[in-house]
Amino acid sequence: MDRLVEYITTCQYEQLPEKLILQAKFAILDTVGVAVAGWSEPAVQIVKRVYLSDDRPKKAALWGEHIFTDLEYAALINGTASHALDYDDVSPSILAHPSAPILAAVIPLAEHLQSAGKDVITAYAIGTEVMIKLGLHMGHKHYDLGWHATDTLGTIGVAAACSYLLKLNSDQTARAIGIACSMTGGLQKNFGTMTKPLHVGLASSHGLQAAWLAQHGLTANRDIFETRGFFFSFTGGQEHRDMKDEIEFGKPYSILETGLSIKKFPCCYLTHRIIQGALDIKSEVHLNLSDVLGVEIITPPAGLVALIHHHPITGLQGKFSAEYTVLAAIEDGYVGLSTFEDDQVQRAEIQQLLPHVKATEEEGEILLGHELEENPVRIRITTKNGLLEKTILLTPGSKDRPLSEEDLRLKWNDCIAHWSKQSGTDVSVSRYEKASNLFNNGLLIEEYNDFGRWLLELRELQQ
């Protein structure tokens, strides 16, 4: 704990690598973009109805409309929206989504505190570093037991980031981390339901609350990572090596070493190589779904752990279905936001072929998340004219196959256009220009003395 606390309380913007600063700015743009795009999703609307009825002082803005609410509620709602489309970035090394929970808390807190853009970037760097380093220390066992690491690890990362923004001292920061460890949760069993994006909102809100509570004197066990503590409880009783001797926070930054994958497709990350393989085959041979007799998908060990819906009937279930995503890619030649509307999943020609898609994992065991990325996915499509095969190693959007700045700009514009369509707002030339300017300004966030000014530009875009 001492090394963790020292890192959080002494980290400075000037110490951050330039590559990490740029990664943070892209993450802010991508996370806000996918949250705005997901604003009309039922999960977000339900959470809003429940939490916006409170009469407490309104201190922070929601990202998708002109409403202010309490900080914890803003974190909860913005966090849910960030993950509602499952379009937010991923840390493959820990099988978790780092930016959504951390930024959904950091941004409203920074707005309330009138923090500078450099402080937002530094808080993001701290939160992601803590989240990923702890996840790497735990290994894959944590995820394999059925925990949603975005919530369990994200809550702690959020608490670390918020402790930095609140300028907590060492004792307060240690208490914030200890409190956060008792507020974590999230089960993979809820993948494909509205509760999955709620996990992100809860991680954001709980991590922020942990920092607030610690600031106001709530106590917690400083030895939360030691014997029978957090690691033991979330790995099925495995004790871990002493964190003091094993973890060097920020030396180097894990997000740069292991990579942050910005999603190309709005669905579970484990489907992305499957989708890309099907798209590659279709582009090479002009394949149609009517030509397909069957599909075989072979992944590395644990490559299907989150893909729990084999015969989906809703868009949310389709996001966690190897069977549906491969067939949709073959049928449509693309996978986008419209792919996961309920009526698209329920297409008769796809439903009829679902039983003819066989997805299996290779034998073996994954100990660390990055081992998934180091082993390929294979697709075999049996057609009326023979067998088509493709091996896919690199995931689009990953460290070794990153999206370009132009790809990220196109995704941002697509998210804003989707928000406009869902909110009933015209996609005018003026709005498109404002969206483009907002993206450009997002790449200059470190120049903002008050990060809230950038959020004001977002609200002006939505008028």
# chains A, B, ... in the order shown; residues from 1 in each chain; ligands from 1
$ residues_around --residues "range 423-437 of chain A" --least-positions-apart "5" --cutoff "10 Å" --atoms "only C-alpha atoms" --output "PyMOL selection string"
chain A and resi 37+39-40+64-65+409-410+412-413+416-418+442+457-458+460-463
$ residues_around --residues "Thr69 in chain A" --least-positions-apart "3" --cutoff "8 Å" --atoms "only C-alpha atoms" --output "short mmCIF file (atom, residue, chain, number, x, y, z; two decimals) with C-alpha atoms, in the first residue's frame"
data_model
loop_
_atom_site.label_atom_id
_atom_site.label_comp_id
_atom_site.auth_asym_id
_atom_site.auth_seq_id
_atom_site.Cartn_x
_atom_site.Cartn_y
_atom_site.Cartn_z
CA LEU A 52 -32.38 12.48 -11.18
CA ARG A 56 -29.61 17.54 -3.63
CA PRO A 57 -27.55 20.44 -5.07
CA LYS A 58 -26.73 20.08 -8.78
CA LYS A 59 -22.96 20.24 -9.24
CA ALA A 60 -21.98 18.36 -12.40
CA ALA A 61 -23.22 18.02 -15.97
CA LEU A 62 -24.51 14.97 -17.77
CA TYR A 73 -25.07 10.57 -9.79
CA ALA A 74 -23.29 12.24 -12.72
#
$ closest_residue --among "A:Leu153, A:Met1, A:Ile132, A:Ile126" --to "Val200 in chain A" --atoms "only C-alpha atoms"
A:Leu153
$ residues_around --residues "Val158 in chain A" --least-positions-apart "5" --cutoff "9 Å" --atoms "only C-alpha atoms" --output "ChimeraX atom specification"
/A:101-106,123-124,126-128,130-131,153,163,180,203-208,210-211
$ residues_around --residues "Glu6 in chain A" --least-positions-apart "5" --cutoff "10 Å" --atoms "only C-alpha atoms" --output "mmCIF file with C-alpha atoms, in the first residue's frame"
data_model
loop_
_atom_site.group_PDB
_atom_site.id
_atom_site.type_symbol
_atom_site.label_atom_id
_atom_site.label_comp_id
_atom_site.auth_asym_id
_atom_site.auth_seq_id
_atom_site.Cartn_x
_atom_site.Cartn_y
_atom_site.Cartn_z
ATOM 1 C CA MET A 1 0.000 0.000 0.000
ATOM 2 C CA CYS A 11 2.679 11.930 -9.503
ATOM 3 C CA ASN A 169 -2.834 13.263 1.873
ATOM 4 C CA SER A 170 -1.168 9.866 2.261
ATOM 5 C CA THR A 173 -5.469 8.184 0.041
ATOM 6 C CA ALA A 174 -4.794 4.848 1.736
ATOM 7 C CA PHE A 249 3.645 2.104 -10.315
#
$ closest_residue --among "A:Asn190, A:Ser404, A:Gln346, A:Asn441" --to "Gly315 in chain A" --atoms "only C-alpha atoms"
A:Gln346
$ residues_around --residues "Val34 in chain A" --least-positions-apart "6" --cutoff "12 Å" --atoms "only C-alpha atoms" --output "VMD selection string"
chain A and resid 27 to 28 40 to 41 63 to 64 78 to 89 99 to 100 104 262 to 267 337 408 411 to 419
